[in-house]
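Visitor: Next up, target17.cif (mmCIF, C-alpha atoms).
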```
data_structure
#
loop_
_atom_site.label_atom_id
_atom_site.label_comp_id
_atom_site.auth_asym_id
_atom_site.auth_seq_id
_atom_site.Cartn_x
_atom_site.Cartn_y
_atom_site.Cartn_z
CA MET A 1 -7.99 -8.49 14.97
CA TRP A 2 -11.54 -7.19 14.74
CA GLY A 3 -10.54 -4.03 12.91
CA TYR A 4 -8.46 -5.71 10.20
CA GLN A 5 -10.22 -9.06 9.82
CA PHE A 6 -11.16 -8.24 6.20
CA GLY A 7 -7.87 -6.52 5.31
CA GLU A 8 -9.11 -2.94 5.61
CA ASP A 9 -9.39 -0.89 8.78
CA LYS A 10 -13.09 -1.04 9.71
CA GLU A 11 -12.79 2.16 11.77
CA THR A 12 -11.73 4.36 8.87
CA PHE A 13 -14.35 6.71 7.50
CA PRO A 14 -15.37 6.50 3.82
CA LYS A 15 -13.24 8.91 1.82
CA SER A 16 -15.29 11.80 0.47
CA THR A 17 -13.30 11.63 -2.76
CA LEU A 18 -14.60 8.08 -3.34
CA VAL A 19 -18.29 8.73 -2.62
CA LEU A 20 -20.37 8.61 -5.79
CA THR A 21 -22.62 11.53 -6.66
CA GLU A 22 -26.14 11.05 -8.07
CA GLU A 23 -24.89 11.87 -11.55
CA GLU A 24 -22.05 9.36 -11.26
CA GLU A 25 -24.39 6.64 -10.02
CA LYS A 26 -26.72 7.35 -12.94
CA LYS A 27 -23.82 7.07 -15.40
CA LEU A 28 -22.85 3.65 -13.99
CA LYS A 29 -26.29 2.32 -14.93
CA GLU A 30 -25.97 3.29 -18.59
CA PRO A 31 -25.76 0.30 -20.97
CA VAL A 32 -22.46 -0.72 -22.51
CA ILE A 33 -22.30 -1.93 -26.11
CA ILE A 34 -20.22 -5.09 -26.38
CA THR A 35 -19.45 -7.53 -29.18
CA ASP A 36 -20.64 -11.12 -28.65
CA THR A 37 -21.12 -14.25 -30.73
CA ASP A 38 -24.57 -15.74 -31.34
CA ALA A 39 -25.48 -19.45 -31.71
CA LYS A 40 -24.49 -19.39 -35.39
CA GLY A 41 -21.03 -17.97 -34.63
CA LYS A 42 -21.89 -14.54 -36.00
CA GLU A 43 -20.69 -11.41 -34.20
CA VAL A 44 -23.50 -9.23 -32.86
CA LYS A 45 -23.70 -6.01 -30.88
CA ILE A 46 -25.35 -6.34 -27.47
CA LYS A 47 -26.26 -3.78 -24.82
CA ARG A 48 -25.47 -4.79 -21.26
CA VAL A 49 -25.35 -2.98 -17.93
CA ILE A 50 -22.51 -3.49 -15.45
CA GLU A 51 -23.94 -4.54 -12.10
CA GLU A 52 -20.73 -4.31 -10.08
CA MET A 53 -16.97 -4.75 -10.01
CA THR A 54 -16.22 -8.04 -8.28
CA GLY A 55 -13.01 -6.82 -6.61
CA ALA A 56 -10.76 -9.06 -8.73
CA ARG A 57 -7.77 -7.48 -10.49
CA ARG A 58 -5.13 -8.89 -12.82
CA THR A 59 -2.21 -7.63 -14.89
CA ALA A 60 -2.42 -7.90 -18.67
CA ARG A 61 0.18 -6.37 -20.98
CA LYS A 62 1.63 -4.45 -18.00
CA LEU A 63 -1.78 -2.84 -17.37
CA TYR A 64 -4.45 -3.56 -14.77
CA GLU A 65 -7.70 -5.23 -15.78
CA TYR A 66 -10.76 -5.55 -13.52
CA GLU A 67 -13.53 -8.13 -13.46
CA VAL A 68 -17.12 -6.91 -13.85
CA LYS A 69 -20.46 -8.67 -13.39
CA TRP A 70 -23.37 -7.98 -15.75
CA VAL A 71 -26.95 -7.34 -14.66
CA GLY A 72 -29.12 -10.46 -15.12
CA LEU A 73 -26.19 -12.80 -15.82
CA ASN A 74 -24.36 -15.19 -13.51
CA HIS A 75 -20.66 -15.02 -12.68
CA ASP A 76 -19.77 -17.39 -15.52
CA ASN A 77 -20.46 -14.50 -17.92
CA ASN A 78 -18.22 -11.99 -16.15
CA SER A 79 -15.88 -9.91 -18.28
CA TRP A 80 -12.50 -8.23 -17.82
CA TYR A 81 -12.04 -4.58 -18.72
CA SER A 82 -8.97 -2.36 -18.72
CA GLN A 83 -8.65 0.50 -16.27
CA GLU A 84 -8.79 3.04 -19.09
CA LYS A 85 -12.03 1.58 -20.45
CA LEU A 86 -13.74 1.47 -17.06
CA GLU A 87 -12.67 5.03 -16.23
CA SER A 88 -14.24 6.21 -19.50
CA LEU A 89 -17.47 4.54 -18.34
CA GLY A 90 -17.42 6.42 -15.02
CA TRP A 91 -15.98 3.72 -12.73
CA ALA A 92 -12.83 5.63 -11.66
CA LYS A 93 -13.84 5.94 -7.98
CA VAL A 94 -14.81 2.28 -7.75
CA ILE A 95 -11.44 1.35 -9.28
CA LYS A 96 -9.66 3.24 -6.49
CA GLN A 97 -11.73 1.39 -3.89
CA THR A 98 -10.86 -1.94 -5.55
CA ASP A 99 -7.16 -1.08 -5.62
CA GLU A 100 -7.21 -0.33 -1.88
CA GLN A 101 -8.97 -3.64 -1.17
CA VAL A 102 -6.47 -5.61 -3.27
CA GLU A 103 -3.50 -3.96 -1.57
CA ALA A 104 -5.02 -4.64 1.85
CA ARG A 105 -5.40 -8.34 1.00
CA GLU A 106 -1.80 -8.47 -0.21
CA GLY A 107 -0.70 -6.87 3.07
CA LEU A 108 -2.46 -9.62 5.00
CA TYR A 109 -0.43 -12.21 3.10
CA LYS A 110 2.83 -10.50 4.00
CA ARG A 111 1.89 -10.29 7.67
CA PRO A 112 -1.01 -12.58 8.70
CA LEU A 113 -3.37 -11.31 11.39
CA THR A 114 -2.28 -13.63 14.20
CA GLN A 115 -1.91 -12.88 17.91
CA SER A 116 1.84 -13.41 17.79
CA ASN A 117 2.21 -10.95 14.90
CA ILE A 118 0.00 -8.39 16.64
CA GLU A 119 1.90 -8.68 19.94
CA ARG A 120 5.20 -8.26 18.09
CA HIS A 121 3.81 -5.21 16.29
CA MET A 122 2.58 -3.75 19.59
CA ALA A 123 5.99 -4.40 21.18
CA ASP A 124 7.61 -2.38 18.37
CA MET A 125 5.38 0.49 19.52
CA GLY A 126 6.56 0.12 23.12
CA LEU A 127 3.43 -1.67 24.32
CA GLY A 128 4.02 -5.04 25.99
CA ALA A 129 1.93 -8.16 25.40
CA GLU A 130 0.22 -7.82 28.79
CA PHE A 131 -1.30 -4.52 27.61
CA GLY A 132 -1.83 -5.42 23.97
CA SER A 133 -3.62 -8.73 24.58
CA HIS A 134 -4.92 -8.69 28.15
CA HIS A 135 -6.20 -5.15 28.76
CA ARG A 136 -9.25 -3.26 27.56
CA MET A 137 -8.75 0.10 25.88
CA SER A 138 -10.56 1.83 28.76
CA ALA A 139 -7.92 0.53 31.19
CA LEU A 140 -4.99 2.01 29.25
CA SER A 141 -3.37 5.36 29.95
CA GLY A 142 -3.49 8.23 27.46
CA GLY A 143 0.02 7.49 26.19
CA GLN A 144 -0.74 3.78 25.81
CA LYS A 145 -3.88 4.55 23.81
CA VAL A 146 -1.80 6.73 21.47
CA LYS A 147 0.55 3.78 20.91
CA VAL A 148 -2.40 1.51 20.06
CA VAL A 149 -3.70 4.07 17.55
CA LEU A 150 -0.26 4.41 15.95
CA ALA A 151 0.07 0.62 15.78
CA ALA A 152 -3.33 0.32 14.08
CA ALA A 153 -2.49 3.07 11.59
CA LEU A 154 0.78 1.35 10.65
CA TRP A 155 -0.52 -2.23 10.45
CA ASN A 156 -1.02 -2.16 6.66
CA GLN A 157 2.48 -0.69 6.17
CA PRO A 158 1.45 2.59 4.48
CA HIS A 159 3.87 4.58 2.34
CA ILE A 160 2.48 7.94 3.55
CA ILE A 161 1.66 8.78 7.17
CA ILE A 162 -0.31 11.84 8.34
CA LEU A 163 0.15 12.53 12.06
CA ASP A 164 -2.29 14.90 13.78
CA GLU A 165 -0.82 16.09 17.10
CA PRO A 166 1.28 12.92 17.57
CA THR A 167 3.06 14.26 20.68
CA ASN A 168 -0.06 14.39 22.86
CA TYR A 169 0.10 12.18 25.99
CA LEU A 170 3.52 10.71 25.11
CA ASP A 171 6.30 10.78 27.72
CA ARG A 172 9.86 11.93 26.99
CA GLU A 173 11.12 8.42 26.19
CA SER A 174 8.25 7.72 23.80
CA LEU A 175 8.73 11.10 22.09
CA GLY A 176 12.40 10.25 21.49
CA ALA A 177 11.46 6.88 20.03
CA LEU A 178 8.82 8.47 17.78
CA ALA A 179 11.31 11.07 16.53
CA GLY A 180 13.87 8.36 15.75
CA ALA A 181 11.25 6.28 13.91
CA ILE A 182 10.19 9.26 11.78
CA ARG A 183 13.82 9.95 10.82
CA GLU A 184 14.34 6.34 9.69
CA TYR A 185 10.97 5.96 7.96
CA GLU A 186 11.47 5.77 4.19
CA GLY A 187 7.98 6.90 3.24
CA GLY A 188 6.40 10.34 3.37
CA VAL A 189 5.39 12.00 6.66
CA VAL A 190 3.04 14.96 7.14
CA MET A 191 2.62 16.31 10.67
CA ILE A 192 0.04 18.72 12.08
CA THR A 193 1.33 19.88 15.44
CA HIS A 194 1.66 22.81 17.86
CA ASN A 195 4.94 21.41 19.20
CA ASP A 196 7.34 23.63 17.27
CA GLN A 197 10.48 22.09 18.79
CA PHE A 198 9.50 18.54 17.87
CA CYS A 199 8.47 19.60 14.35
CA SER A 200 11.47 21.82 13.54
CA GLU A 201 13.94 19.05 14.41
CA LEU A 202 12.30 16.60 12.03
CA CYS A 203 10.70 18.58 9.20
CA PRO A 204 12.97 20.31 6.68
CA GLU A 205 9.89 21.94 5.14
CA THR A 206 7.30 23.72 7.30
CA TRP A 207 4.00 25.36 6.37
CA VAL A 208 3.02 28.03 8.89
CA LEU A 209 -0.58 29.28 8.87
CA GLU A 210 -0.78 32.52 10.82
CA GLY A 211 -2.95 35.60 10.53
CA GLY A 212 -4.84 34.17 7.58
CA LYS A 213 -1.65 33.75 5.56
CA LEU A 214 0.28 30.59 4.65
CA ASP A 215 4.07 30.82 4.74
CA CYS A 216 6.24 27.97 3.48
CA LYS A 217 9.67 27.65 5.05
CA GLY A 218 12.16 25.07 3.85
CA ASP A 219 15.64 24.15 2.75
CA ALA A 220 15.87 24.33 -1.04
CA GLU A 221 19.07 22.24 -1.10
CA TRP A 222 17.37 19.50 0.93
CA MET A 223 14.40 19.43 -1.45
CA THR A 224 16.75 19.11 -4.43
CA SER A 225 18.74 16.27 -2.87
CA VAL A 226 15.56 14.35 -1.96
CA MET A 227 14.39 14.44 -5.57
CA THR A 228 17.67 12.93 -6.79
CA GLU A 229 18.61 10.57 -3.96
CA LYS A 230 18.41 6.80 -4.32
CA VAL A 231 16.15 5.11 -1.77
CA ALA A 232 16.90 1.51 -0.76
CA PHE A 233 14.29 -0.83 0.70
CA GLN A 234 15.03 -3.80 2.93
CA ALA A 235 13.17 -7.00 2.06
CA MET A 236 11.45 -9.08 4.74
CA GLU A 237 13.59 -11.99 5.94
CA GLU A 238 10.85 -13.95 7.70
CA MET A 239 7.11 -13.98 8.30
CA VAL A 240 4.67 -15.80 10.60
CA ASP A 241 1.83 -17.79 9.01
CA GLY A 242 -1.69 -18.24 10.33
CA ALA A 243 -0.60 -21.17 12.53
CA GLY A 244 2.18 -19.14 14.15
CA ASN A 245 5.02 -20.84 12.24
CA VAL A 246 8.06 -18.72 11.35
CA ILE A 247 8.81 -18.98 7.62
CA LYS A 248 11.94 -17.76 5.89
CA VAL A 249 11.07 -15.51 2.96
CA LYS A 250 12.83 -16.43 -0.25
CA LYS A 251 14.54 -13.41 -1.73
CA ALA A 252 13.25 -12.34 -5.10
CA LYS A 253 15.63 -12.67 -8.01
CA LYS A 254 16.99 -9.36 -9.21
CA THR A 255 15.55 -8.12 -12.51
CA LEU A 256 18.28 -6.73 -14.73
CA THR A 257 17.95 -3.79 -17.07
CA ARG A 258 18.69 -4.25 -20.75
CA LYS A 259 22.08 -2.55 -20.27
CA GLU A 260 22.99 -4.82 -17.33
CA GLN A 261 21.87 -7.92 -19.26
CA LYS A 262 24.09 -7.02 -22.24
CA ALA A 263 27.06 -6.39 -19.93
CA ARG A 264 26.54 -9.78 -18.28
CA GLU A 265 26.35 -11.55 -21.65
CA ARG A 266 29.60 -9.89 -22.74
CA LEU A 267 31.25 -11.02 -19.49
CA LYS A 268 30.05 -14.60 -19.96
CA LYS A 269 31.30 -14.64 -23.54
CA ALA A 270 34.73 -13.32 -22.51
CA ARG A 271 35.04 -15.94 -19.78
CA ALA A 272 34.02 -18.69 -22.14
CA GLU A 273 36.67 -17.62 -24.64
CA GLN A 274 39.26 -17.84 -21.85
CA GLY A 275 38.18 -21.40 -21.09
CA GLU A 276 36.45 -20.73 -17.79
CA VAL A 277 33.71 -23.14 -16.76
CA LEU A 278 30.51 -21.20 -16.20
CA THR A 279 27.79 -22.32 -13.82
CA ASP A 280 24.37 -20.98 -12.94
CA ASP A 281 25.98 -19.08 -10.06
CA THR A 282 27.04 -16.40 -12.56
CA ASP A 283 23.40 -15.32 -12.66
CA ASN A 284 23.57 -14.33 -9.01
CA GLU A 285 26.85 -12.41 -9.00
CA ASP A 286 25.12 -9.10 -8.34
#
```
Could you take the file, read its structure, and then write that structure out as structure tokens?
Guide:
Amino acid sequence: MWGYQFGEDKETFPKSTLVLTEEEEKKLKEPVIITDTDAKGKEVKIKRVIEEMTGARRTARKLYEYEVKWVGLNHDNNSWYSQEKLESLGWAKVIKQTDEQVEAREGLYKRPLTQSNIERHMADMGLGAEFGSHHRMSALSGGQKVKVVLAAALWNQPHIIILDEPTNYLDRESLGALAGAIREYEGGVVMITHNDQFCSELCPETWVLEGGKLDCKGDAEWMTSVMTEKVAFQAMEEMVDGAGNVIKVKKAKKTLTRKEQKARERLKKARAEQGEVLTDDTDNED
């Protein structure tokens, strides 16, 4: 609860790819020429300097726009700029940071940070409530600590997982459960491990670094099938709110393609010509 109280994991280190260099920081302080309207309603060109991105993001014309605050002006004068425009002004790294913050906040909405949710998440990792809520980390065994770390890494439901020596300290039963979870996981998994048996049974593609040379071993047919396969995702059926209440999640209505919409309209028209009485249920036939 401490680590994720603001949506992001407080124990993660700042990504080196998002740290601004001196040149980049200098570029962010350069003035931006904008068009404004004076008291007489006449358009004028004004130079302003962006103080910061507020962290707010919205979708406009299927593109992301971000809110910026100007130096010397209050928040009532904030402006919205497209991602392309801000990147041209040198704000690309800050945009990535904002995107991560927005996604973390959205993840908190899907699964609020309550004790019941945390205990359920820990139980999915094989760690009972008595350990997850009533023990200090120093009192846990090596295998139990690994489970806590895995639980923390998976709390924000990432789509890519990088596991560095995941088999350390885990017993045979836990290793079997981890292997089964990796097989069923629909995202991407990268493993760094010395356990060749564990890795070879799960990874169809292996990179072996030996003697200063990198050798890539893999199944070409598997790689081809992965690129063409259709991946299905299961929607959440229920969630627990901040008060611990279980709420049924309303399923989102399916968005049809143009081809599917035309086929449905033809079907409705044919049924109408045959005298069938159509109701709104026809919109949910799929």
Visitor: So which residues touch Asp36 (chain A) within 9 Å, counting all atoms listed in the file, skipping near sequence neighbours fewer than 6 positions away, as a VMD selection string?
Guide: chain A and resid 42 to 46
Visitor: What's around Trp155 (chain A) at 12 Å? Count only C-alpha atoms, leave out sequence neighbours fewer than 2 positions away in its own chain, and write the answer as a ChimeraX atom specification.
Guide: /A:1,3-5,7-9,104,107-108,110-113,117-122,124-125,148-153,157-159,161
Visitor: Identify, on the basis of all atoms listed in the file, every residue whose closest approach to region 185-200 of chain A does not exceed 9 Å; exclude the query and any residue fewer than 5 positions from it along the same chain; express the result as a PyMOL selection string.
Guide: chain A and resi 158-167+175+179-180+205-206+231-233
Visitor: Using the chain letters and numbers from the file, give me the residues hit by the PyMOL selection byres ((chain A and resi 87) around 12), as a ChimeraX atom specification.
Guide: /A:24,27-28,64-66,81-86,88-96
Visitor: So how far away is CA of Lys147 (chain A) from CA of Gly126 (chain A), in Å?
Guide: 7.4 Å
